[in-house]
2 protein chains.
Amino acid sequence: MGRCSLLLLLLLLAFLTPGAANPVSPSLRAPSSLPWSTSFRSRPTITLKYSIRYIQQKVDHFGFNIDRTFKQRYLIADNYWKEDGGSILFYTGNEGDIIWFCNNTGFMWDIAEEMKAMLVFAEHRYYGESLPFGADSFSDSRHLNFLTTEQALADFAKLIRYLQRTIPGARNQPVIALGGSYGGMLAAWFRMKYPHLVVGALASSAPIWQFNDLVPCDIFMKIVTTDFSQSGPNCSESIRRSWDAINRLAKKGPGLRWLSEALHLCTPLTKSQDVQRLKDWISETWVNVAMVDYPYESNFLQPLPAWPVKVVCQYFKYSNVPDTVMVRNIFQALNVYYNYSGQAKCLNVSETATSSLGVLGWSYQACTEMVMPTCSDGVDDMFEPHSWNMKEYSDDCFKQWGVRPRPSWIPTMYGGKNISSHTNIIFSNGELDPWSGGGVTKDITDTLLAIVIPNGAHHLDLRASNALDPVSVQLTRSLEVKYMKQWISDFYVRLRKMN
Amino acid sequence: MGRCSLLLLLLLLAFLTPGAANPVSPSLRAPSSLPWSTSFRSRPTITLKYSIRYIQQKVDHFGFNIDRTFKQRYLIADNYWKEDGGSILFYTGNEGDIIWFCNNTGFMWDIAEEMKAMLVFAEHRYYGESLPFGADSFSDSRHLNFLTTEQALADFAKLIRYLQRTIPGARNQPVIALGGSYGGMLAAWFRMKYPHLVVGALASSAPIWQFNDLVPCDIFMKIVTTDFSQSGPNCSESIRRSWDAINRLAKKGPGLRWLSEALHLCTPLTKSQDVQRLKDWISETWVNVAMVDYPYESNFLQPLPAWPVKVVCQYFKYSNVPDTVMVRNIFQALNVYYNYSGQAKCLNVSETATSSLGVLGWSYQACTEMVMPTCSDGVDDMFEPHSWNMKEYSDDCFKQWGVRPRPSWIPTMYGGKNISSHTNIIFSNGELDPWSGGGVTKDITDTLLAIVIPNGAHHLDLRASNALDPVSVQLTRSLEVKYMKQWISDFYVRLRKMN
């Protein structure tokens, strides 16, 4: 796999499957730092109560030759659900274990009572436990053939129909799709394609335009850079200079060994390709930190302090330092992300692409439908220059999966920028979130609404409320609830008219 | 295959693929009676000028394991097209040769100049020349696996994007989807699923609700019966009694031979099952006559006189006649349909399901997605009682194709009766058309419009204008043009606002 493509592919992996693609080896983590056990530690009194259930789904909704089914997992919480005037909030699960998403979407739990809502979290096929071919699901492109957004949306459609058929009182209730990141894209697309099943969608941090040439490929890295330049003096400039510092040191006789020791790498660098991999891994780290630049101590990708970009930037105050000092500063900064718990003994560069299912699935999706071009030029951003090379990307995909991406398919299927005929979708984006560059940040019509959250990182609005939340996200959530209540109210008005 | 299911399946074949499922052997037709050579004989001065073109399509739009492509055929006529303020009228081809549909959709040709329109007729995959696996396309369920409405709509989407990319001046033009019968369903569904590609759809005689339990299964046969009872005294009553007349005669010693001779059958009846097949074939004939009950001499399914149901009913004026007289009357009535040209030497019962590609393709579609329940009770309709038995239907499909139908899929995918969030679709239905029972015959919103055409048969509005057209269809076409012009005008207003 080519250097540039590798970086870009890994970026995709890392951004959209932050938990799964976390470049830290699980063995480095203390057990208590697993995201799902601690994500709600800021609200220790709340225990999420849900039932785990399964539904038989067709492996292929769009063909009849394979009639095989598989068990899709979903979670249901109905503590606050009311049959009378209630609603169903349906999380369109993304590329990972649904329990992790459930635990990281505190917003739905926070508003359940107010919305008289049943909460449903549907796991995306090929992730978590919802594996169409069990252990063989990722064995080859034949088994992976049913991992597409269309199949995932069809699963959601069948699940909603099933719930409304089988749960007394659920039939005549409005359903709202909610999701963040890739799950936010799915929520928006679900409303576009199945408006008969959901009255609206909340698509948080959903970069539905990060495809083809709908937005410039460099927009993502520019936003990361802005986050860093705003979080400390000389911060982005120092990082921009850091790559050459590493390059220069790597060229010296004992440079690789020195770098390995200075950065406390678990596996020492031994050849020049290792240096590129090191830089890719560091780049990913800064991107990840930007994504989760939350205003409070959190544990989404990693246990992290409040405003982690600011903390990282404390080590990049000076851009004109000797190369060795620069590298020691990089190590301190990396430590913020990889060792906030203080328990890591070394840093593991080789685990940027783990063998976990989430990563495999997303890697395949990025090589088929979910082709989201990113690039950098080192001038308007703080990264080394990487152009977007579709040919190389496609060749790499073919080598890895035996399939070739179809980069124009998603805009053909889901409308690209021409989506104004749809209704009732809220697109929320945190201004700090690199993915906001591919998101909808301006109202399209009076029912296709954009909310931009200053000081907000990746789908901050979907997280549980927190005493340290900026006012902007509090207002955002109020607006979101207001719109969702309006959709629900409209639904019941229509229902009464029909009866 | 069970008796009842056979009938119903054949009905489906016959109704929606009238030309292809035509029960007359092609050898019985004079060459000049082929539909495409004579369909415009009422307007002999007009010659349809189009180019035949091909586009490479993915066999599987929804999976990446099979990257094979095939040639989809389409026709383009741009004589009247204007780059400035023009439009593209896109026929969403149904289950047959696209040239046949092109020649039978005179409405589009009639309005091309007024709409400054480019006409495009897209052939449906697995029909005509657009065969994904060539001669092997129908060999088994593996090769047929890509024959679905979703794949067909995706072909249309890719074709529109391709045309707009490659034809100078076509990029910023509004596209309208048009279709009749199954093609009308596709036009409506295309607007629902790809509203970014078409500004609206004209869905003529599109029974989008003839699925599951959205309408009563007996509605179809009731409408056929009404057509006959309104077209002559005692007509439907005579036909209702005719089945027992045939049954009684068949039971007598030389009954089968007598029936065979009286009906001039090409192949004599020899066993009791043949009698059921005979009755099914006659039933289908009456259904077909009802569908094409046009007010002028036409040649859609067959060369036929004006108002053919009336002509048929001339032979059913008396319901209380001896059985032998009844059968001779049936023969005369059948002759109206099968021998208007006067050249048939005998009538061929065994050809109700021909081996033509259209029939094979539709039979598969009816056994997978396009499950459209019909039934009759012999009381409220003039047919022998046939209940709808999904289990039997499914078993028959499995025997024939190795696949099982998913009868609830189409409503899940396309919304069933809950489609009010969509916009800009005209549903037109002829009141005489049996398929109007499963169609949208009342406005849903002020942009989801229903037009019912009194005295109109199956998609009469899509046919070329004719001096004998009733005022109702003239008004219908005016309304359709008015709405389509509104969509086009709205499009250009939006376009100007954006620029």
# chains A, B, ... in the order shown; residues from 1 in each chain; ligands from 1

call {"tool": "interface_residues", "arguments": {"of": "chain B", "to": "chain A", "cutoff": "6 Å", "atoms": "only C-alpha atoms", "output": "list in words"}}
result
Gly63, Asn65, Ser141, Arg142, Asn145, Lys193, His196, Gly415 and Asn418 of chain B

call {"tool": "select_by_dssp", "arguments": {"residues": "stretch 325-444 of chain B", "states": "helix (DSSP H, G or I)", "output": "PDB file with C-alpha atoms, in the first residue's frame"}}
result
ATOM      1  CA  VAL B 325     -74.341 -21.754 -28.021  1.00  0.00           C
ATOM      2  CA  MET B 326     -72.447 -20.149 -25.170  1.00  0.00           C
ATOM      3  CA  VAL B 327     -69.202 -21.740 -26.332  1.00  0.00           C
ATOM      4  CA  ARG B 328     -69.759 -20.669 -29.907  1.00  0.00           C
ATOM      5  CA  ASN B 329     -70.315 -17.152 -28.616  1.00  0.00           C
ATOM      6  CA  ILE B 330     -67.085 -17.361 -26.642  1.00  0.00           C
ATOM      7  CA  PHE B 331     -65.303 -18.310 -29.830  1.00  0.00           C
ATOM      8  CA  GLN B 332     -66.717 -15.294 -31.649  1.00  0.00           C
ATOM      9  CA  ALA B 333     -65.703 -13.063 -28.774  1.00  0.00           C
ATOM     10  CA  LEU B 334     -62.184 -14.525 -28.633  1.00  0.00           C
ATOM     11  CA  ASN B 335     -61.909 -13.898 -32.323  1.00  0.00           C
ATOM     12  CA  VAL B 336     -62.316 -10.192 -31.707  1.00  0.00           C
ATOM     13  CA  TYR B 337     -59.106 -10.242 -29.738  1.00  0.00           C
ATOM     14  CA  TYR B 338     -57.098 -12.925 -31.511  1.00  0.00           C
ATOM     15  CA  VAL B 349     -54.099 -21.880 -25.712  1.00  0.00           C
ATOM     16  CA  SER B 350     -50.658 -23.141 -24.886  1.00  0.00           C
ATOM     17  CA  GLU B 351     -48.879 -19.891 -25.508  1.00  0.00           C
ATOM     18  CA  LEU B 357     -37.327 -12.692 -22.553  1.00  0.00           C
ATOM     19  CA  GLY B 358     -39.885 -10.245 -21.301  1.00  0.00           C
ATOM     20  CA  VAL B 359     -42.032 -12.986 -19.889  1.00  0.00           C
ATOM     21  CA  LEU B 360     -39.138 -14.753 -18.244  1.00  0.00           C
ATOM     22  CA  GLY B 361     -37.937 -11.563 -16.641  1.00  0.00           C
ATOM     23  CA  TRP B 362     -41.353 -10.569 -15.399  1.00  0.00           C
ATOM     24  CA  SER B 363     -42.101 -14.029 -14.102  1.00  0.00           C
ATOM     25  CA  TYR B 364     -38.938 -13.758 -12.000  1.00  0.00           C
ATOM     26  CA  GLN B 365     -39.829 -10.268 -10.814  1.00  0.00           C
ATOM     27  CA  ALA B 366     -43.321 -11.449  -9.870  1.00  0.00           C
ATOM     28  CA  MET B 390     -49.270 -16.738  -0.578  1.00  0.00           C
ATOM     29  CA  LYS B 391     -47.876 -20.055   0.590  1.00  0.00           C
ATOM     30  CA  GLU B 392     -48.775 -21.783  -2.642  1.00  0.00           C
ATOM     31  CA  TYR B 393     -47.521 -18.822  -4.653  1.00  0.00           C
ATOM     32  CA  SER B 394     -44.218 -18.893  -2.818  1.00  0.00           C
ATOM     33  CA  ASP B 395     -43.829 -22.634  -3.298  1.00  0.00           C
ATOM     34  CA  ASP B 396     -44.527 -22.294  -6.984  1.00  0.00           C
ATOM     35  CA  CYS B 397     -41.917 -19.561  -7.261  1.00  0.00           C
ATOM     36  CA  PHE B 398     -39.396 -21.678  -5.468  1.00  0.00           C
ATOM     37  CA  LYS B 399     -40.069 -24.538  -7.855  1.00  0.00           C
ATOM     38  CA  GLN B 400     -39.765 -22.322 -10.867  1.00  0.00           C
ATOM     39  CA  TRP B 401     -36.870 -20.043  -9.956  1.00  0.00           C
ATOM     40  CA  TRP B 409     -40.501  -5.626   0.669  1.00  0.00           C
ATOM     41  CA  ILE B 410     -41.933  -3.205  -1.895  1.00  0.00           C
ATOM     42  CA  PRO B 411     -44.075  -1.384   0.713  1.00  0.00           C
ATOM     43  CA  THR B 412     -41.077  -1.298   3.078  1.00  0.00           C
ATOM     44  CA  MET B 413     -38.863   0.118   0.373  1.00  0.00           C
ATOM     45  CA  TYR B 414     -41.259   2.486  -1.342  1.00  0.00           C
ATOM     46  CA  PRO B 434     -58.218  -2.885 -13.925  1.00  0.00           C
ATOM     47  CA  TRP B 435     -54.890  -1.689 -12.586  1.00  0.00           C
ATOM     48  CA  SER B 436     -56.477   1.553 -11.419  1.00  0.00           C
ATOM     49  CA  GLY B 437     -57.625  -0.458  -8.391  1.00  0.00           C
ATOM     50  CA  GLY B 438     -54.056  -0.503  -7.123  1.00  0.00           C
TER      51      GLY B 438
END

call {"tool": "closest_atom_pairs", "arguments": {"of": "stretch 118-216 of chain A", "to": "stretch 89-110 of chain A", "cutoff": "12 Å", "atoms": "only C-alpha atoms", "output": "Markdown table"}}
result
| residue | atom | partner | partner_atom | distance |
| --- | --- | --- | --- | --- |
| A:Met118 | CA | A:Leu89 | CA | 6.1 |
| A:Leu119 | CA | A:Leu89 | CA | 5.0 |
| A:Val120 | CA | A:Phe90 | CA | 4.8 |
| A:Phe121 | CA | A:Tyr91 | CA | 4.6 |
| A:Ala122 | CA | A:Gly93 | CA | 5.2 |
| A:Glu123 | CA | A:Gly93 | CA | 4.9 |
| A:His124 | CA | A:Gly93 | CA | 5.1 |
| A:Arg125 | CA | A:Glu95 | CA | 8.4 |
| A:Tyr126 | CA | A:Glu95 | CA | 8.1 |
| A:Tyr127 | CA | A:Gly96 | CA | 5.0 |
| A:Gly128 | CA | A:Asp97 | CA | 3.9 |
| A:Glu129 | CA | A:Asp97 | CA | 7.2 |
| A:Ser130 | CA | A:Asp97 | CA | 8.8 |
| A:Leu131 | CA | A:Asp97 | CA | 11.1 |
| A:Leu147 | CA | A:Glu95 | CA | 10.6 |
| A:Thr148 | CA | A:Glu95 | CA | 11.2 |
| A:Thr149 | CA | A:Asn94 | CA | 9.9 |
| A:Ala152 | CA | A:Thr92 | CA | 8.8 |
| A:Leu153 | CA | A:Thr92 | CA | 8.2 |
| A:Ala154 | CA | A:Thr92 | CA | 11.1 |
| A:Asp155 | CA | A:Thr92 | CA | 9.9 |
| A:Phe156 | CA | A:Thr92 | CA | 7.2 |
| A:Ala157 | CA | A:Thr92 | CA | 10.3 |
| A:Leu159 | CA | A:Phe90 | CA | 10.1 |
| A:Ile160 | CA | A:Phe90 | CA | 8.5 |
| A:Leu163 | CA | A:Phe90 | CA | 11.0 |
| A:Ala170 | CA | A:Leu89 | CA | 11.6 |
| A:Gln173 | CA | A:Leu89 | CA | 10.3 |
| A:Pro174 | CA | A:Leu89 | CA | 8.6 |
| A:Val175 | CA | A:Leu89 | CA | 5.9 |
| A:Ile176 | CA | A:Leu89 | CA | 5.1 |
| A:Ala177 | CA | A:Phe90 | CA | 4.8 |
| A:Leu178 | CA | A:Tyr91 | CA | 4.8 |
| A:Gly179 | CA | A:Thr92 | CA | 5.5 |
| A:Gly180 | CA | A:Asn94 | CA | 8.0 |
| A:Ser181 | CA | A:Asn94 | CA | 7.9 |
| A:Tyr182 | CA | A:Asn94 | CA | 5.8 |
| A:Gly183 | CA | A:Asn94 | CA | 4.5 |
| A:Gly184 | CA | A:Thr92 | CA | 7.5 |
| A:Met185 | CA | A:Thr92 | CA | 9.0 |
| A:Leu186 | CA | A:Thr92 | CA | 6.3 |
| A:Ala187 | CA | A:Thr92 | CA | 5.8 |
| A:Ala188 | CA | A:Thr92 | CA | 9.6 |
| A:Trp189 | CA | A:Thr92 | CA | 10.2 |
| A:Phe190 | CA | A:Thr92 | CA | 8.5 |
| A:Arg191 | CA | A:Thr92 | CA | 10.8 |
| A:Leu197 | CA | A:Phe90 | CA | 10.7 |
| A:Val198 | CA | A:Phe90 | CA | 8.9 |
| A:Val199 | CA | A:Leu89 | CA | 10.5 |
| A:Gly200 | CA | A:Leu89 | CA | 10.2 |
| A:Ala201 | CA | A:Phe90 | CA | 9.2 |
| A:Leu202 | CA | A:Tyr91 | CA | 9.5 |
| A:Ala203 | CA | A:Thr92 | CA | 9.8 |
| A:Ser204 | CA | A:Thr105 | CA | 10.9 |
| A:Ala206 | CA | A:Asn94 | CA | 11.3 |

call {"tool": "write_last_selection", "arguments": {"atoms": "C-alpha atoms", "output": "mmCIF file, in the first residue's frame"}}
result
data_model
loop_
_atom_site.group_PDB
_atom_site.id
_atom_site.type_symbol
_atom_site.label_atom_id
_atom_site.label_comp_id
_atom_site.auth_asym_id
_atom_site.auth_seq_id
_atom_site.Cartn_x
_atom_site.Cartn_y
_atom_site.Cartn_z
ATOM 1 C CA MET A 118 -38.424 4.711 23.481
ATOM 2 C CA LEU A 119 -34.723 4.571 22.649
ATOM 3 C CA VAL A 120 -33.522 2.113 20.041
ATOM 4 C CA PHE A 121 -29.877 1.644 19.103
ATOM 5 C CA ALA A 122 -29.464 -0.468 15.999
ATOM 6 C CA GLU A 123 -26.118 -2.064 15.315
ATOM 7 C CA HIS A 124 -24.679 -1.654 11.823
ATOM 8 C CA ARG A 125 -24.160 -4.930 9.976
ATOM 9 C CA TYR A 126 -20.563 -6.206 9.972
ATOM 10 C CA TYR A 127 -19.809 -4.445 13.261
ATOM 11 C CA GLY A 128 -20.024 -5.491 16.868
ATOM 12 C CA GLU A 129 -21.971 -8.734 17.064
ATOM 13 C CA SER A 130 -23.963 -8.211 13.885
ATOM 14 C CA LEU A 131 -21.843 -10.302 11.563
ATOM 15 C CA LEU A 147 -21.478 -4.335 3.634
ATOM 16 C CA THR A 148 -22.961 -1.209 2.066
ATOM 17 C CA THR A 149 -24.898 1.796 3.273
ATOM 18 C CA ALA A 152 -27.534 -1.006 6.424
ATOM 19 C CA LEU A 153 -30.405 1.404 5.785
ATOM 20 C CA ALA A 154 -32.588 -1.506 4.695
ATOM 21 C CA ASP A 155 -31.780 -3.263 7.987
ATOM 22 C CA PHE A 156 -32.933 -0.167 9.834
ATOM 23 C CA ALA A 157 -36.126 -0.024 7.771
ATOM 24 C CA LEU A 159 -36.198 -3.223 12.152
ATOM 25 C CA ILE A 160 -38.497 -0.215 12.478
ATOM 26 C CA LEU A 163 -40.796 -2.972 16.125
ATOM 27 C CA ALA A 170 -45.500 1.517 18.830
ATOM 28 C CA GLN A 173 -45.733 6.579 16.867
ATOM 29 C CA PRO A 174 -43.348 8.951 15.168
ATOM 30 C CA VAL A 175 -39.799 7.695 14.740
ATOM 31 C CA ILE A 176 -36.803 10.010 14.546
ATOM 32 C CA ALA A 177 -33.426 8.873 13.258
ATOM 33 C CA LEU A 178 -30.363 10.091 15.118
ATOM 34 C CA GLY A 179 -26.712 9.483 14.520
ATOM 35 C CA GLY A 180 -23.271 10.970 14.746
ATOM 36 C CA SER A 181 -20.379 10.949 12.290
ATOM 37 C CA TYR A 182 -20.932 8.092 9.802
ATOM 38 C CA GLY A 183 -24.039 7.281 11.850
ATOM 39 C CA GLY A 184 -25.144 10.858 11.223
ATOM 40 C CA MET A 185 -24.785 10.350 7.486
ATOM 41 C CA LEU A 186 -26.898 7.238 7.829
ATOM 42 C CA ALA A 187 -29.533 9.137 9.821
ATOM 43 C CA ALA A 188 -29.741 11.838 7.128
ATOM 44 C CA TRP A 189 -29.741 9.333 4.286
ATOM 45 C CA PHE A 190 -32.358 7.256 6.057
ATOM 46 C CA ARG A 191 -34.706 10.219 6.215
ATOM 47 C CA LEU A 197 -40.518 5.426 8.324
ATOM 48 C CA VAL A 198 -38.981 8.410 10.124
ATOM 49 C CA VAL A 199 -40.490 11.852 10.521
ATOM 50 C CA GLY A 200 -37.064 13.457 10.644
ATOM 51 C CA ALA A 201 -33.389 12.989 11.353
ATOM 52 C CA LEU A 202 -30.748 14.548 13.551
ATOM 53 C CA ALA A 203 -27.450 14.147 11.714
ATOM 54 C CA SER A 204 -24.658 15.237 13.992
ATOM 55 C CA ALA A 206 -22.176 14.042 9.376
#

call {"tool": "residues_around", "arguments": {"residues": "B:Val379", "least_positions_apart": "5", "cutoff": "12 Å", "atoms": "only C-alpha atoms", "output": "JSON, numbers by chain"}}
result
{"B": [218, 221, 222, 225, 236, 237, 239, 240, 241, 384, 385, 386]}

call {"tool": "write_last_selection", "arguments": {"atoms": "N, CA and C atoms", "output": "JSON list (two decimals), in the first residue's frame"}}
result
[["chain", "number", "residue", "atom", "x", "y", "z"],
["B", 218, "ASP", "N", -59.33, -8.49, -4.55],
["B", 218, "ASP", "CA", -60.35, -8.72, -5.58],
["B", 218, "ASP", "C", -60.66, -7.48, -6.41],
["B", 221, "MET", "N", -60.20, -7.76, -10.46],
["B", 221, "MET", "CA", -61.20, -8.50, -11.23],
["B", 221, "MET", "C", -62.57, -7.82, -11.19],
["B", 222, "LYS", "N", -62.82, -7.11, -10.11],
["B", 222, "LYS", "CA", -64.08, -6.37, -10.04],
["B", 222, "LYS", "C", -64.14, -5.29, -11.12],
["B", 225, "THR", "N", -64.78, -6.73, -14.43],
["B", 225, "THR", "CA", -66.20, -7.11, -14.51],
["B", 225, "THR", "C", -67.07, -5.89, -14.78],
["B", 236, "SER", "N", -71.38, -9.29, -18.54],
["B", 236, "SER", "CA", -70.60, -9.93, -17.48],
["B", 236, "SER", "C", -71.33, -11.16, -16.94],
["B", 237, "GLU", "N", -72.65, -11.09, -16.90],
["B", 237, "GLU", "CA", -73.41, -12.24, -16.40],
["B", 237, "GLU", "C", -73.20, -13.45, -17.30],
["B", 239, "ILE", "N", -70.61, -14.07, -19.15],
["B", 239, "ILE", "CA", -69.25, -14.60, -18.95],
["B", 239, "ILE", "C", -69.19, -15.36, -17.63],
["B", 240, "ARG", "N", -69.84, -14.83, -16.58],
["B", 240, "ARG", "CA", -69.86, -15.53, -15.30],
["B", 240, "ARG", "C", -70.43, -16.94, -15.48],
["B", 241, "ARG", "N", -71.45, -17.07, -16.32],
["B", 241, "ARG", "CA", -72.07, -18.39, -16.51],
["B", 241, "ARG", "C", -71.28, -19.26, -17.48],
["B", 384, "GLU", "N", -64.25, -17.29, -12.21],
["B", 384, "GLU", "CA", -64.35, -18.40, -11.26],
["B", 384, "GLU", "C", -63.62, -17.99, -9.98],
["B", 385, "PRO", "N", -64.07, -18.48, -8.85],
["B", 385, "PRO", "CA", -63.41, -18.09, -7.59],
["B", 385, "PRO", "C", -61.96, -18.58, -7.53],
["B", 386, "HIS", "N", -61.08, -17.65, -7.21],
["B", 386, "HIS", "CA", -59.67, -17.99, -6.97],
["B", 386, "HIS", "C", -59.22, -17.20, -5.76]]

call {"tool": "atom_distance", "arguments": {"atom1": "atom CA of A:Asp84", "atom2": "atom CA of A:Trp487"}}
result
16.0 Å

call {"tool": "select_by_dssp", "arguments": {"residues": "stretch 16-239 of chain A", "states": "strand (DSSP E or B)", "output": "PyMOL selection string"}}
result
chain A and resi 51-58+69-77+87-92+117-122+127+130+175-180+200-204

call {"tool": "atom_distance", "arguments": {"atom1": "atom CA of A:Asn339", "atom2": "atom CA of A:Asp280"}}
result
18.9 Å

call {"tool": "residues_around", "arguments": {"residues": "A:Asp274", "least_positions_apart": "2", "cutoff": "12 Å", "atoms": "only C-alpha atoms", "output": "ChimeraX atom specification"}}
result
/A:3,246-247,250,256-257,259-260,265,267-272,276-281,349-350

call {"tool": "atom_distance", "arguments": {"atom1": "atom CA of B:Lys482", "atom2": "atom CA of B:Pro454"}}
result
19.6 Å
